[in-house]
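File shown here: start-v8.cif, holding mmCIF, C-alpha atoms.
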```cif
data_start
#
loop_
_atom_site.label_atom_id
_atom_site.label_comp_id
_atom_site.auth_asym_id
_atom_site.auth_seq_id
_atom_site.Cartn_x
_atom_site.Cartn_y
_atom_site.Cartn_z
CA MET A 1 17.78 -10.55 27.21
CA PRO A 2 18.30 -7.60 24.86
CA LYS A 3 20.83 -8.45 22.22
CA LEU A 4 23.64 -5.99 21.52
CA ARG A 5 24.27 -5.84 17.78
CA GLN A 6 27.79 -6.82 16.87
CA LEU A 7 29.43 -3.65 15.61
CA GLU A 8 30.91 -4.44 12.23
CA SER A 9 32.67 -2.15 9.82
CA HIS A 10 30.15 0.20 8.23
CA PRO A 11 31.77 2.01 5.32
CA PRO A 12 30.81 5.58 4.42
CA ALA A 13 27.65 5.96 2.33
CA LEU A 14 26.45 8.64 -0.01
CA LEU A 15 22.92 9.82 -0.83
CA VAL A 16 22.35 12.06 -3.86
CA LEU A 17 18.99 13.50 -4.90
CA GLU A 18 18.21 14.25 -8.52
CA ASP A 19 18.50 18.01 -7.88
CA GLY A 20 22.07 17.49 -6.67
CA ARG A 21 21.48 17.75 -2.91
CA THR A 22 23.91 15.39 -1.19
CA PHE A 23 23.93 13.73 2.23
CA GLN A 24 26.72 11.76 3.90
CA GLY A 25 26.33 8.85 6.31
CA GLN A 26 27.31 5.23 6.74
CA ALA A 27 26.15 1.95 5.27
CA PHE A 28 23.19 0.25 6.94
CA GLY A 29 22.16 -3.11 5.51
CA ALA A 30 23.67 -4.52 2.33
CA ILE A 31 26.76 -2.92 0.82
CA GLY A 32 26.13 -1.67 -2.71
CA GLU A 33 24.10 0.86 -4.62
CA THR A 34 20.40 1.43 -5.17
CA PHE A 35 18.07 3.87 -6.91
CA GLY A 36 14.43 4.82 -6.62
CA GLU A 37 12.02 7.59 -5.68
CA ALA A 38 12.87 9.27 -2.37
CA VAL A 39 9.84 9.36 -0.04
CA PHE A 40 9.46 9.79 3.69
CA ALA A 41 7.25 7.80 6.10
CA THR A 42 6.16 9.43 9.35
CA GLY A 43 5.19 6.37 11.41
CA MET A 44 6.82 6.16 14.84
CA SER A 45 6.50 2.37 14.68
CA GLY A 46 5.67 -0.35 12.18
CA TYR A 47 8.88 -0.30 10.15
CA GLN A 48 8.60 -4.02 9.39
CA GLU A 49 5.16 -3.52 7.83
CA THR A 50 6.48 -0.55 5.86
CA LEU A 51 9.47 -2.42 4.46
CA THR A 52 7.37 -5.39 3.35
CA ASP A 53 4.54 -3.34 1.81
CA PRO A 54 4.59 -3.92 -2.00
CA SER A 55 3.32 -0.36 -2.50
CA TYR A 56 6.86 0.83 -1.72
CA TYR A 57 8.30 -0.99 -4.71
CA ARG A 58 10.97 1.15 -6.43
CA GLN A 59 11.00 3.69 -3.59
CA VAL A 60 13.78 4.59 -1.17
CA VAL A 61 12.04 5.14 2.16
CA ILE A 62 13.28 7.73 4.63
CA ALA A 63 12.17 7.13 8.22
CA THR A 64 11.31 10.36 10.03
CA ALA A 65 11.33 8.61 13.42
CA PRO A 66 14.91 9.04 14.73
CA HIS A 67 15.46 5.56 16.17
CA ILE A 68 14.81 2.56 13.93
CA GLY A 69 15.36 -1.13 14.68
CA ASN A 70 14.61 -1.12 18.42
CA THR A 71 12.27 -4.10 18.22
CA GLY A 72 14.31 -6.11 15.72
CA TRP A 73 12.63 -8.31 13.11
CA ASN A 74 10.02 -11.01 13.78
CA ASN A 75 8.32 -13.71 11.75
CA GLU A 76 4.77 -12.41 12.13
CA ASP A 77 4.49 -8.76 11.09
CA GLY A 78 5.57 -8.90 7.47
CA GLU A 79 2.92 -7.74 5.00
CA SER A 80 4.34 -9.97 2.26
CA GLY A 81 7.02 -12.60 1.82
CA ARG A 82 9.86 -10.12 1.19
CA ILE A 83 11.12 -6.56 1.60
CA TRP A 84 9.96 -4.40 -1.32
CA VAL A 85 11.59 -1.02 -0.70
CA ALA A 86 14.44 -0.10 -3.02
CA GLY A 87 16.43 1.30 -0.10
CA TYR A 88 16.09 2.43 3.52
CA VAL A 89 17.47 5.61 5.11
CA VAL A 90 17.46 6.20 8.89
CA ARG A 91 19.02 8.54 11.37
CA ASP A 92 20.02 6.26 14.25
CA ALA A 93 20.06 2.50 13.77
CA ALA A 94 19.38 0.81 17.10
CA ARG A 95 22.39 -0.92 18.67
CA ILE A 96 20.09 -3.05 20.82
CA SER A 97 17.29 -5.22 19.47
CA SER A 98 14.79 -5.95 22.24
CA ASN A 99 11.34 -7.48 21.87
CA TRP A 100 9.89 -10.80 22.97
CA ARG A 101 8.94 -11.64 19.37
CA SER A 102 12.22 -10.52 17.79
CA ARG A 103 14.14 -13.22 15.93
CA ARG A 104 16.98 -11.17 14.44
CA ASP A 105 18.19 -7.61 14.01
CA LEU A 106 16.78 -5.33 11.35
CA GLU A 107 20.17 -4.91 9.71
CA VAL A 108 20.63 -8.67 9.56
CA GLU A 109 17.37 -8.92 7.60
CA LEU A 110 18.27 -6.03 5.32
CA ARG A 111 21.57 -7.70 4.47
CA ALA A 112 19.97 -11.10 4.00
CA GLN A 113 17.57 -9.63 1.43
CA GLY A 114 20.18 -7.44 -0.25
CA ILE A 115 18.56 -4.12 0.71
CA VAL A 116 21.00 -1.22 0.54
CA GLY A 117 20.47 1.29 3.31
CA MET A 118 22.08 4.19 5.07
CA SER A 119 22.24 5.50 8.65
CA GLN A 120 23.70 8.52 10.43
CA VAL A 121 21.76 10.76 8.05
CA ASP A 122 20.20 14.09 9.00
CA THR A 123 16.74 12.79 8.12
CA ARG A 124 15.06 15.97 9.37
CA ALA A 125 16.95 18.08 6.83
CA LEU A 126 16.34 15.45 4.13
CA THR A 127 12.60 15.34 4.87
CA ARG A 128 12.32 19.13 4.86
CA HIS A 129 14.04 19.20 1.48
CA ILE A 130 11.56 16.73 0.01
CA ARG A 131 8.62 18.60 1.53
CA GLU A 132 9.81 21.79 -0.13
CA ARG A 133 10.96 20.34 -3.48
CA GLY A 134 8.76 17.25 -3.80
CA ALA A 135 9.47 13.53 -4.09
CA MET A 136 12.31 12.92 -6.52
CA ARG A 137 14.72 10.29 -7.77
CA VAL A 138 17.58 9.35 -5.48
CA GLY A 139 20.64 7.15 -5.31
CA VAL A 140 22.16 5.59 -2.21
CA SER A 141 25.62 4.05 -2.46
CA SER A 142 28.23 2.61 -0.13
CA VAL A 143 30.58 1.89 -3.04
CA GLU A 144 30.60 5.25 -4.84
CA ARG A 145 32.47 8.21 -3.35
CA ASN A 146 31.96 10.72 -6.16
CA PRO A 147 28.68 12.66 -5.83
CA ALA A 148 28.79 13.84 -9.45
CA ALA A 149 29.15 10.30 -10.75
CA LEU A 150 26.26 9.07 -8.60
CA LEU A 151 24.10 12.05 -9.64
CA GLU A 152 24.58 11.14 -13.28
CA ARG A 153 23.23 7.64 -12.63
CA VAL A 154 20.35 9.03 -10.55
CA GLN A 155 19.23 11.31 -13.36
CA ALA A 156 19.25 8.36 -15.77
CA GLN A 157 16.63 6.50 -13.69
CA PRO A 158 12.97 6.32 -14.82
CA SER A 159 10.37 8.56 -13.19
CA MET A 160 7.52 7.22 -11.11
CA VAL A 161 5.16 9.16 -13.35
CA GLY A 162 3.93 6.79 -16.05
CA ALA A 163 5.30 3.71 -14.28
CA HIS A 164 3.09 0.61 -14.46
CA LEU A 165 4.32 -1.53 -11.56
CA ALA A 166 1.37 -3.56 -10.29
CA ASP A 167 2.15 -6.50 -12.57
CA ASP A 168 5.66 -6.68 -11.05
CA VAL A 169 4.41 -7.15 -7.48
CA SER A 170 1.24 -9.18 -8.07
CA THR A 171 1.03 -12.87 -7.27
CA THR A 172 1.57 -15.13 -10.28
CA LYS A 173 -0.66 -17.89 -8.88
CA PRO A 174 -4.16 -17.50 -7.41
CA TYR A 175 -4.61 -18.57 -3.80
CA VAL A 176 -7.39 -18.65 -1.23
CA VAL A 177 -7.51 -17.20 2.27
CA LYS A 178 -10.17 -19.23 4.05
CA PRO A 179 -12.71 -17.59 6.35
CA ASP A 180 -12.68 -17.86 10.11
CA GLY A 181 -15.66 -20.11 10.76
CA GLU A 182 -18.61 -20.49 8.43
CA PRO A 183 -18.15 -18.75 5.06
CA ARG A 184 -20.52 -15.83 4.51
CA PHE A 185 -19.25 -14.25 1.30
CA ARG A 186 -16.85 -15.02 -1.51
CA VAL A 187 -14.63 -12.16 -2.61
CA VAL A 188 -12.25 -11.99 -5.57
CA ALA A 189 -9.33 -9.76 -4.56
CA ILE A 190 -7.20 -8.37 -7.39
CA ASP A 191 -3.62 -8.36 -6.13
CA LEU A 192 -2.10 -5.06 -7.23
CA GLY A 193 0.36 -5.29 -4.34
CA ILE A 194 -1.91 -6.57 -1.58
CA LYS A 195 -0.82 -6.56 2.07
CA SER A 196 -1.38 -9.86 3.87
CA MET A 197 -3.42 -8.27 6.65
CA THR A 198 -6.13 -7.20 4.20
CA PRO A 199 -7.48 -10.68 3.38
CA THR A 200 -6.93 -11.55 7.02
CA ARG A 201 -9.34 -8.79 8.06
CA MET A 202 -11.84 -10.09 5.52
CA ALA A 203 -11.44 -13.68 6.73
CA GLU A 204 -12.21 -12.50 10.27
CA ARG A 205 -15.62 -11.46 8.96
CA GLY A 206 -16.37 -14.73 7.20
CA PHE A 207 -15.09 -13.81 3.73
CA GLU A 208 -13.58 -16.52 1.54
CA VAL A 209 -10.96 -14.45 -0.29
CA HIS A 210 -9.66 -15.54 -3.69
CA VAL A 211 -6.50 -13.51 -4.28
CA VAL A 212 -5.79 -13.38 -8.00
CA PRO A 213 -3.20 -11.85 -10.38
CA THR A 214 -3.66 -8.55 -12.19
CA THR A 215 -4.04 -10.50 -15.43
CA ILE A 216 -7.39 -12.04 -14.49
CA THR A 217 -10.33 -11.47 -16.85
CA LEU A 218 -13.95 -10.72 -16.09
CA ALA A 219 -14.93 -14.18 -17.34
CA GLU A 220 -12.50 -15.76 -14.87
CA ILE A 221 -13.88 -13.58 -12.08
CA GLU A 222 -17.47 -14.53 -12.90
CA ALA A 223 -16.46 -18.21 -13.01
CA LEU A 224 -15.70 -17.92 -9.29
CA SER A 225 -19.25 -16.65 -8.61
CA PRO A 226 -18.16 -13.86 -6.28
CA ASP A 227 -20.34 -11.84 -3.96
CA GLY A 228 -17.92 -8.95 -4.34
CA VAL A 229 -14.71 -7.80 -6.00
CA PHE A 230 -11.85 -6.03 -4.23
CA PHE A 231 -8.94 -4.05 -5.71
CA SER A 232 -5.92 -3.74 -3.41
CA ASN A 233 -3.21 -1.20 -2.75
CA GLY A 234 -0.17 -1.19 -5.01
CA PRO A 235 2.68 0.83 -6.52
CA GLY A 236 2.99 2.98 -9.60
CA ASP A 237 1.05 5.57 -11.54
CA PRO A 238 -2.71 4.83 -11.81
CA ALA A 239 -2.74 6.62 -15.17
CA ALA A 240 -0.63 3.76 -16.55
CA ALA A 241 -2.92 0.92 -15.36
CA ASP A 242 -5.33 0.96 -18.29
CA GLY A 243 -5.92 -2.80 -18.28
CA GLN A 244 -7.02 -2.85 -14.64
CA VAL A 245 -9.28 0.19 -15.19
CA GLU A 246 -11.05 -1.57 -18.04
CA LEU A 247 -11.46 -4.67 -15.88
CA LEU A 248 -12.98 -2.57 -13.12
CA LYS A 249 -15.40 -0.94 -15.56
CA SER A 250 -16.54 -4.43 -16.55
CA VAL A 251 -17.04 -5.37 -12.88
CA LEU A 252 -19.16 -2.28 -12.31
CA ALA A 253 -21.18 -2.90 -15.48
CA ALA A 254 -21.85 -6.45 -14.27
CA GLY A 255 -23.31 -5.03 -11.05
CA ILE A 256 -20.87 -6.83 -8.73
CA PRO A 257 -20.31 -5.00 -5.41
CA TYR A 258 -16.89 -3.35 -5.32
CA PHE A 259 -14.50 -2.21 -2.59
CA GLY A 260 -11.05 -0.75 -3.23
CA ILE A 261 -8.27 0.69 -1.12
CA CYS A 262 -5.33 2.93 -2.01
CA PHE A 263 -4.39 2.07 -5.62
CA GLY A 264 -7.85 0.51 -5.85
CA ASN A 265 -9.32 3.92 -4.99
CA GLN A 266 -7.35 5.63 -7.76
CA LEU A 267 -8.40 3.02 -10.33
CA PHE A 268 -12.00 3.35 -9.15
CA GLY A 269 -11.73 7.08 -9.74
CA ARG A 270 -10.49 6.51 -13.28
CA ALA A 271 -13.25 3.97 -13.96
CA LEU A 272 -15.80 6.58 -12.85
CA GLY A 273 -14.38 9.21 -15.18
CA PHE A 274 -12.16 11.20 -12.82
CA GLY A 275 -8.51 11.95 -13.47
CA THR A 276 -5.52 11.31 -11.23
CA PHE A 277 -2.43 13.34 -10.41
CA LYS A 278 0.87 13.05 -8.55
CA LEU A 279 1.08 14.60 -5.11
CA GLY A 280 4.06 16.78 -4.24
CA TYR A 281 5.45 14.42 -1.62
CA GLY A 282 2.56 12.09 -0.89
CA HIS A 283 0.97 10.78 2.30
CA ARG A 284 2.94 8.08 4.09
CA GLY A 285 2.39 7.39 7.77
CA ILE A 286 -0.08 6.11 10.34
CA ASN A 287 -1.47 9.36 11.74
CA GLN A 288 -3.37 11.03 8.86
CA PRO A 289 -6.75 12.66 9.72
CA VAL A 290 -9.58 11.85 7.32
CA MET A 291 -13.22 12.95 7.42
CA ASP A 292 -16.13 10.79 6.28
CA LEU A 293 -18.31 13.42 4.61
CA SER A 294 -21.52 11.46 5.15
CA THR A 295 -21.13 11.32 8.94
CA ARG A 296 -18.60 14.16 9.53
CA LYS A 297 -16.69 11.68 11.65
CA VAL A 298 -12.90 12.07 11.70
CA GLU A 299 -10.69 8.99 11.55
CA VAL A 300 -6.95 8.73 12.19
CA THR A 301 -5.70 6.54 9.36
CA ALA A 302 -2.68 4.83 7.77
CA HIS A 303 -1.55 6.10 4.35
CA ASN A 304 0.93 5.19 1.66
CA HIS A 305 0.27 6.95 -1.62
CA GLY A 306 1.95 9.38 -3.98
CA PHE A 307 -0.97 9.80 -6.41
CA ALA A 308 -4.54 10.94 -5.83
CA VAL A 309 -7.93 11.26 -7.54
CA ALA A 310 -8.74 14.64 -9.09
CA ALA A 311 -12.25 15.33 -7.82
CA LYS A 312 -14.02 17.89 -5.64
CA PRO A 313 -16.03 17.29 -2.44
CA GLY A 314 -19.73 17.79 -3.09
CA GLU A 315 -19.38 17.17 -6.81
CA ARG A 316 -21.85 14.57 -8.12
CA HIS A 317 -20.68 12.87 -11.30
CA GLN A 318 -23.02 10.81 -13.46
CA THR A 319 -21.51 7.61 -14.84
CA PRO A 320 -22.84 4.64 -16.83
CA TYR A 321 -22.98 2.73 -13.51
CA GLY A 322 -24.66 5.30 -11.24
CA THR A 323 -23.81 8.52 -9.42
CA ALA A 324 -20.23 8.99 -8.22
CA GLN A 325 -19.09 11.40 -5.55
CA VAL A 326 -16.30 12.04 -3.06
CA SER A 327 -16.99 10.36 0.29
CA HIS A 328 -13.81 11.14 2.31
CA ILE A 329 -11.20 13.91 2.36
CA CYS A 330 -7.86 14.42 4.11
CA LEU A 331 -8.10 17.23 6.64
CA ASN A 332 -4.47 18.21 6.12
CA ASP A 333 -4.78 19.17 2.45
CA ASP A 334 -8.32 18.31 1.21
CA VAL A 335 -7.01 15.48 -0.98
CA VAL A 336 -9.69 12.94 -1.98
CA GLU A 337 -9.57 9.97 0.39
CA GLY A 338 -12.65 8.06 -0.68
CA LEU A 339 -15.28 7.65 -3.41
CA GLN A 340 -18.71 6.06 -3.59
CA LEU A 341 -21.10 4.99 -6.31
CA THR A 342 -24.86 4.95 -5.74
CA ASP A 343 -27.80 3.84 -7.86
CA SER A 344 -30.83 5.90 -8.92
CA ASP A 345 -32.44 5.26 -5.53
CA GLY A 346 -29.38 6.45 -3.64
CA ARG A 347 -28.31 2.96 -2.55
CA LEU A 348 -24.61 2.22 -2.32
CA ARG A 349 -23.22 0.06 -5.14
CA ALA A 350 -19.46 0.42 -4.78
CA PHE A 351 -16.97 2.40 -2.71
CA SER A 352 -13.28 2.90 -2.08
CA VAL A 353 -10.86 4.69 0.24
CA GLN A 354 -7.37 5.99 -0.33
CA TYR A 355 -6.06 4.85 3.06
CA HIS A 356 -5.48 1.48 4.75
CA PRO A 357 -8.28 0.16 6.99
CA GLU A 358 -6.44 -3.11 7.68
CA ALA A 359 -4.30 -1.23 10.26
CA ALA A 360 -0.95 -2.88 9.59
CA ALA A 361 0.70 -0.86 10.94
CA GLY A 362 -1.70 1.81 12.03
CA PRO A 363 -4.84 2.74 13.98
CA HIS A 364 -8.10 0.78 13.87
CA ASP A 365 -10.48 3.70 13.26
CA ALA A 366 -11.36 2.56 9.73
CA SER A 367 -11.90 -1.16 10.29
CA TYR A 368 -15.66 -0.65 9.90
CA LEU A 369 -15.13 -0.39 6.14
CA PHE A 370 -14.80 -4.16 5.88
CA ASP A 371 -18.19 -4.41 7.61
CA ARG A 372 -19.59 -1.92 5.09
CA PHE A 373 -18.40 -4.20 2.32
CA ALA A 374 -20.14 -7.13 4.02
CA GLU A 375 -23.37 -5.13 4.25
CA LEU A 376 -23.15 -4.27 0.57
CA MET A 377 -22.75 -7.92 -0.40
CA ALA A 378 -25.50 -9.02 2.00
CA LEU A 379 -27.90 -6.51 0.44
CA ARG A 380 -27.17 -7.87 -3.03
CA GLN A 381 -27.76 -11.41 -1.81
CA ALA A 382 -31.05 -10.35 -0.26
CA GLN A 383 -32.12 -8.78 -3.55
CA GLY A 384 -31.42 -12.06 -5.31
CA THR A 385 -28.89 -10.57 -7.73
CA SER A 386 -25.77 -12.29 -6.43
CA THR A 387 -23.73 -14.33 -8.90
CA ARG A 388 -23.28 -17.04 -6.26
CA GLN A 389 -24.67 -20.32 -7.54
CA LYS A 390 -23.47 -22.65 -4.82
CA PRO A 391 -21.49 -22.76 -1.56
CA PRO A 392 -17.75 -22.01 -1.76
CA ALA A 393 -15.97 -24.85 -3.51
CA THR A 394 -12.47 -26.14 -3.00
CA ARG A 395 -10.49 -25.44 -6.15
CA PRO A 396 -7.02 -27.04 -5.94
CA GLU A 397 -5.51 -24.58 -8.43
CA LEU A 398 -6.44 -21.75 -6.04
CA LEU A 399 -4.75 -23.20 -2.97
CA GLU A 400 -1.12 -23.02 -4.03
CA GLY A 401 -0.14 -20.01 -1.90
CA ARG A 402 1.27 -16.63 -2.66
CA ASP A 403 4.63 -16.28 -4.33
CA PRO A 404 7.34 -15.55 -1.75
#
```
What would the structure in this file look like if it were written as structure tokens?
Amino acid sequence: MPKLRQLESHPPALLVLEDGRTFQGQAFGAIGETFGEAVFATGMSGYQETLTDPSYYRQVVIATAPHIGNTGWNNEDGESGRIWVAGYVVRDAARISSNWRSRRDLEVELRAQGIVGMSQVDTRALTRHIRERGAMRVGVSSVERNPAALLERVQAQPSMVGAHLADDVSTTKPYVVKPDGEPRFRVVAIDLGIKSMTPTRMAERGFEVHVVPTTITLAEIEALSPDGVFFSNGPGDPAAADGQVELLKSVLAAGIPYFGICFGNQLFGRALGFGTFKLGYGHRGINQPVMDLSTRKVEVTAHNHGFAVAAKPGERHQTPYGTAQVSHICLNDDVVEGLQLTDSDGRLRAFSVQYHPEAAAGPHDASYLFDRFAELMALRQAQGTSTRQKPPATRPELLEGRDP
């Protein structure tokens, strides 16, 4: 039976953007105050995956879909062990939670995890403002009534530009996601803010995935004898992640096949000699059209990024590791959505995409990219250049599980 949410007292809430624009509403979730970068997400569904995506760390997410919370909160769809958003802003919070997998209401979960939110907001006007002025710092408060006082605290917050955040969201202990069936490949996945569905998609294809912290060294990677290395999605400014860029350069120099998504695409771009820049308001949703320039095929894809690689389609860039070029673009604004690295014979060595092929939440158009990674590793094995010395071993220190 659908469960009618018990209507409790929801005090007035205040939202103030760093340019002084103010919105009124009521508290939704925990009572208190929060700050972050205001961004909007256009997905009509998948709010649980959005809230638990580590890439949203230090961001206040505005839902453009008008009704949020209809399906409640379940125990299966989380992309990590906690909610990562700094705050959540919706128009209409559902009074009825109804889904066969639902275990509790969305607001119950927000309160349990101390996430300050706000409802009864004109999210269309708020989204239009951000589209016109760009993503900016914001404060949401259900304890402050004075907009000027809240604005002062908003303007004291750090900018997302220059923020190095991957270390904050990465696992502190390595762990292994075992393959479904017989292991085919061993992959070391650098956790920059990885979503749980990503190693799951790899495991479905026979990958033994060693998820490791951002602090791992090349020597520690090589000690695992991987067939490939993967860099995940994650939050923050790629221009601030110098340590991870240097690690990736070492991986490429060692000739290990590489696949990266989202933040991993931006770091790949830096490792290849491209720059990065901050988008006006970013791409966040599950309906973004992307073209694969090699096939001209258009995919509908899931995005969550506020930074992008500064490169041009058709440009071929020589690097110490091979020839780099843009492989995918967004059809809405021509932003780079993928890169590839080929050797002197034109064979693929490494690649990345800016979007999320694991489809959590989102369409499945891009799932073939995990198969492309498998093909890349299989080719290296066939050439006899793999670092694998023996079948996957059980290493107790790598089976401790991800931090909650």
Inset, instruction - With the file shown as input, list the residues that the PyMOL selection byres ((chain A and resi 288-292) around 6) selects, as an NGL selection string. - result: :A and (287 or 293-301 or 328-331)
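For the structure shown here, the set of residues caught by the PyMOL selection byres ((chain A and resi 247-260) around 6) is Gly228, Val229, Phe230, Phe231, Ser232, Gln244, Val245, Glu246, Ile261, Gly264, Asn265, Ala271, Arg349, Ala350, Phe351 and Ser352 of chain A.
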Centre and size of axis-aligned box enclosing stretch 159-177 of chain A plus 5 Å each side, as AutoDock Vina command-line options:
```
--center_x 1.4 --center_y -4.7 --center_z -6.9 --size_x 27.9 --size_y 37.8 --size_z 28.3
```
Inset, instruction - Could you state which residues are captured by the PyMOL selection byres ((chain A and resi 82-85) around 6) in this file, as a PyMOL selection string? - result: chain A and resi 51-52+54+56-57+59+80-81+86-87
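Proximity ranking of A:Val211, A:Met136, A:Ile115, A:Val143 relative to A:His10 places A:Val143 first, based on all atoms listed in the file.
Going from atom CA of A:Leu339 to atom CA of A:Asp371 covers 16.6 Å.
Distance-wise, atom CA of A:Ala311 and atom CA of A:His283 end up 17.3 Å apart.
Atom pair atom CA of A:Thr171 / atom CA of A:Tyr355: separated by 21.7 Å.
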Per residue of stretch 200-313 of chain A within 9 Å of stretch 30-39 of chain A, what are the shortest atom pair and its distance in Å to one decimal, counting all atoms listed in the file, with rows by chain and residue number, as a Markdown table?
```
| residue | atom | partner | partner_atom | distance |
| --- | --- | --- | --- | --- |
| A:Tyr281 | CA | A:Val39 | CA | 6.9 |
| A:Gly282 | CA | A:Val39 | CA | 7.8 |
| A:Arg284 | CA | A:Val39 | CA | 8.1 |
| A:Gly306 | CA | A:Val39 | CA | 8.8 |
```
